[in-house]
Amino acid sequence: MNEILQPLVGLIGVVIGGVISYVAQTKHQEKTEKKNDKRQKHIAYNNFLLLEGENSPLVIPMHHGEKEDFESKAYAEGTRKILYENLHLFDKKVVKNVLRIDFVEERAEVMGPEPEDTYEIYHLYLEIKNAIIKDYENDIKG
């Protein structure tokens with residue numbers, strides 16, 4: 001009996017050690033991936049905010065009675081690319097708003113642009129910008 005018990009105890013020790021090692025390695029890898037994703041998200045935020053500051057597609061009314069406007073070309077050539085390249089890193093609401101902007105722009109292209117389309121796109125983009133700023137500030141604080 002002793003001849004079977006000693007190898008069995010050794011085998012159990014190897015299995016337990018292997019499981020513990022696997023769990024520790026998996027947790028370390030998950031932590032590393034989260035850290036890398038956060039870093040990539042911050043790089044995307046930096047690029048977005050840089051382009052937003054240099055050539056924002058938002059045309060803010062300067063005089064009473066003026067309406068908001070949205071420069072689709074500035075968006076398409078600037079921040080849209082950054083948003084789509086990093087969509088997997090962003091909050092679900094940001095993703096939803098990015099996709100909605102494209103849907104509204106496509107609808108406006110087919111049906112003809114309406115003032116409501118510009119208003120909706122303007123505010124969707126503003127929500128994206130504000131969500132990015134808020135999330136970035138929270139990440140820096142935490």
# chains A, B, ... in the order shown; residues from 1 in each chain; ligands from 1
>>> residues_around(residues="stretch 97-107 of chain A", least_positions_apart="3", cutoff="9 Å", atoms="only C-alpha atoms", output="list in words")
Ser72, Arg80, Leu83, Tyr84, Leu87, Lys92, Lys93, Val94, Val110, Met111, Gly112, Pro113, Asp117, Thr118, Glu120, Ile121, Tyr122, Leu124, Tyr125, Glu127 and Ile128 of chain A
>>> write_last_selection(atoms="C-alpha atoms", output="tab-separated table (two decimals), in the first residue's frame")
chain	number	residue	atom	x	y	z
A	72	SER	CA	-18.64	65.64	-42.00
A	80	ARG	CA	-13.60	58.95	-37.30
A	83	LEU	CA	-12.63	56.00	-33.30
A	84	TYR	CA	-13.01	53.03	-35.64
A	87	LEU	CA	-13.77	50.84	-31.20
A	92	LYS	CA	-20.60	50.65	-25.34
A	93	LYS	CA	-22.28	54.05	-25.46
A	94	VAL	CA	-19.38	55.55	-27.43
A	110	VAL	CA	-29.77	58.71	-49.55
A	111	MET	CA	-32.79	60.72	-48.45
A	112	GLY	CA	-31.26	64.17	-48.58
A	113	PRO	CA	-29.90	66.02	-45.57
A	117	ASP	CA	-29.78	64.99	-39.12
A	118	THR	CA	-27.15	67.65	-38.52
A	120	GLU	CA	-28.50	64.58	-34.17
A	121	ILE	CA	-24.97	64.01	-35.50
A	122	TYR	CA	-23.70	67.12	-33.72
A	124	LEU	CA	-23.95	62.31	-30.88
A	125	TYR	CA	-20.42	63.50	-31.55
A	127	GLU	CA	-21.60	62.89	-26.38
A	128	ILE	CA	-18.64	60.88	-27.72
>>> residues_around(residues="stretch 51-68 of chain A", least_positions_apart="6", cutoff="10 Å", atoms="only C-alpha atoms", output="compact mmCIF listing (two decimals) with N, CA and C atoms, in the first residue's frame")
# COMPACT_ATOMS: atom_id res chain seq x y z
N TYR A 45 -7.35 58.03 -26.98
CA TYR A 45 -7.92 59.26 -26.43
C TYR A 45 -7.04 60.46 -26.76
N ALA A 74 -14.40 66.93 -42.07
CA ALA A 74 -13.40 67.00 -40.99
C ALA A 74 -13.49 65.75 -40.12
N TYR A 75 -14.70 65.27 -39.89
CA TYR A 75 -14.90 64.05 -39.10
C TYR A 75 -14.34 62.84 -39.84
N ALA A 76 -14.71 62.70 -41.10
CA ALA A 76 -14.28 61.53 -41.90
C ALA A 76 -12.76 61.48 -42.06
N GLU A 77 -12.13 62.63 -42.21
CA GLU A 77 -10.68 62.68 -42.43
C GLU A 77 -9.89 62.72 -41.13
N GLY A 78 -10.58 62.90 -40.02
CA GLY A 78 -9.87 63.06 -38.75
C GLY A 78 -10.25 62.03 -37.70
N THR A 79 -11.15 62.41 -36.84
CA THR A 79 -11.42 61.61 -35.64
C THR A 79 -12.14 60.29 -35.91
N ILE A 82 -9.71 57.32 -36.00
CA ILE A 82 -9.23 56.95 -34.67
C ILE A 82 -10.31 56.19 -33.91
N PRO A 115 -32.22 69.23 -41.45
CA PRO A 115 -31.63 69.91 -40.28
C PRO A 115 -31.57 69.01 -39.05
N THR A 118 -28.31 66.90 -38.99
CA THR A 118 -27.15 67.65 -38.52
C THR A 118 -27.19 67.81 -37.00
N TYR A 119 -28.37 68.14 -36.49
CA TYR A 119 -28.54 68.31 -35.05
C TYR A 119 -28.21 67.00 -34.32
N ILE A 121 -26.39 64.35 -35.37
CA ILE A 121 -24.97 64.01 -35.50
C ILE A 121 -24.12 64.89 -34.58
N TYR A 122 -24.43 66.17 -34.57
CA TYR A 122 -23.70 67.12 -33.72
C TYR A 122 -23.73 66.65 -32.27
N HIS A 123 -24.91 66.30 -31.79
CA HIS A 123 -25.05 65.92 -30.39
C HIS A 123 -24.51 64.52 -30.10
N TYR A 125 -21.86 63.28 -31.61
CA TYR A 125 -20.42 63.50 -31.55
C TYR A 125 -20.03 64.19 -30.25
N LEU A 126 -20.82 65.15 -29.83
CA LEU A 126 -20.55 65.85 -28.57
C LEU A 126 -20.59 64.87 -27.39
N LYS A 129 -17.34 62.89 -27.49
CA LYS A 129 -16.24 63.72 -26.98
C LYS A 129 -16.30 63.83 -25.46
>>> closest_residue(among="A:Glu85, A:Glu114, A:Asp91, A:Glu30", to="A:Asp69", atoms="only C-alpha atoms")
A:Glu114
>>> select_by_dssp(residues="stretch 9-141 of chain A", states="strand (DSSP E)", output="ChimeraX atom specification")
/A:58-59,69-70
>>> atom_distance(atom1="atom CA of A:Asn36", atom2="atom CA of A:Lys96")
23.3 Å
>>> atom_distance(atom1="atom CA of A:Ala44", atom2="atom CA of A:His28")
24.3 Å
>>> closest_residue(among="A:Val95, A:Leu11, A:Leu89, A:Ile16", to="A:Lys34", atoms="only C-alpha atoms")
A:Leu89
>>> atom_distance(atom1="atom CA of A:Ala131", atom2="atom CA of A:Glu109")
27.2 Å
>>> select_by_dssp(residues="stretch 50-89 of chain A", states="alpha helix (DSSP H)", output="number ranges by chain")
A: 50-54, 72-77, 79-85
>>> decode(residues="stretch 23-37 of chain A", atoms="N, CA and C atoms", output="PDB file, in the first residue's frame")
ATOM      1  N   VAL A  23      -3.228  28.969 -12.852  1.00  0.00           N
ATOM      2  CA  VAL A  23      -4.098  30.055 -12.379  1.00  0.00           C
ATOM      3  C   VAL A  23      -3.299  31.344 -12.216  1.00  0.00           C
ATOM      4  N   ALA A  24      -2.136  31.250 -11.624  1.00  0.00           N
ATOM      5  CA  ALA A  24      -1.301  32.442 -11.421  1.00  0.00           C
ATOM      6  C   ALA A  24      -0.871  33.040 -12.749  1.00  0.00           C
ATOM      7  N   GLN A  25      -0.482  32.182 -13.680  1.00  0.00           N
ATOM      8  CA  GLN A  25      -0.049  32.660 -14.996  1.00  0.00           C
ATOM      9  C   GLN A  25      -1.209  33.299 -15.756  1.00  0.00           C
ATOM     10  N   THR A  26      -2.392  32.701 -15.670  1.00  0.00           N
ATOM     11  CA  THR A  26      -3.575  33.241 -16.345  1.00  0.00           C
ATOM     12  C   THR A  26      -3.947  34.604 -15.780  1.00  0.00           C
ATOM     13  N   LYS A  27      -3.932  34.722 -14.464  1.00  0.00           N
ATOM     14  CA  LYS A  27      -4.249  36.023 -13.839  1.00  0.00           C
ATOM     15  C   LYS A  27      -3.222  37.080 -14.228  1.00  0.00           C
ATOM     16  N   HIS A  28      -1.964  36.706 -14.264  1.00  0.00           N
ATOM     17  CA  HIS A  28      -0.918  37.646 -14.677  1.00  0.00           C
ATOM     18  C   HIS A  28      -1.128  38.083 -16.127  1.00  0.00           C
ATOM     19  N   GLN A  29      -1.455  37.144 -16.981  1.00  0.00           N
ATOM     20  CA  GLN A  29      -1.686  37.468 -18.392  1.00  0.00           C
ATOM     21  C   GLN A  29      -2.896  38.374 -18.554  1.00  0.00           C
ATOM     22  N   GLU A  30      -3.982  38.117 -17.820  1.00  0.00           N
ATOM     23  CA  GLU A  30      -5.169  38.966 -17.875  1.00  0.00           C
ATOM     24  C   GLU A  30      -4.846  40.380 -17.400  1.00  0.00           C
ATOM     25  N   LYS A  31      -4.077  40.479 -16.341  1.00  0.00           N
ATOM     26  CA  LYS A  31      -3.686  41.785 -15.807  1.00  0.00           C
ATOM     27  C   LYS A  31      -2.841  42.546 -16.831  1.00  0.00           C
ATOM     28  N   THR A  32      -1.922  41.846 -17.478  1.00  0.00           N
ATOM     29  CA  THR A  32      -1.077  42.459 -18.500  1.00  0.00           C
ATOM     30  C   THR A  32      -1.912  42.929 -19.690  1.00  0.00           C
ATOM     31  N   GLU A  33      -2.879  42.112 -20.117  1.00  0.00           N
ATOM     32  CA  GLU A  33      -3.743  42.488 -21.236  1.00  0.00           C
ATOM     33  C   GLU A  33      -4.597  43.710 -20.887  1.00  0.00           C
ATOM     34  N   LYS A  34      -5.128  43.748 -19.672  1.00  0.00           N
ATOM     35  CA  LYS A  34      -5.919  44.910 -19.244  1.00  0.00           C
ATOM     36  C   LYS A  34      -5.065  46.174 -19.236  1.00  0.00           C
ATOM     37  N   LYS A  35      -3.840  46.032 -18.747  1.00  0.00           N
ATOM     38  CA  LYS A  35      -2.923  47.177 -18.706  1.00  0.00           C
ATOM     39  C   LYS A  35      -2.618  47.662 -20.120  1.00  0.00           C
ATOM     40  N   ASN A  36      -2.373  46.732 -21.036  1.00  0.00           N
ATOM     41  CA  ASN A  36      -2.095  47.099 -22.433  1.00  0.00           C
ATOM     42  C   ASN A  36      -3.308  47.736 -23.102  1.00  0.00           C
ATOM     43  N   ASP A  37      -4.508  47.194 -22.839  1.00  0.00           N
ATOM     44  CA  ASP A  37      -5.731  47.768 -23.404  1.00  0.00           C
ATOM     45  C   ASP A  37      -5.948  49.191 -22.894  1.00  0.00           C
TER      46      ASP A  37
END
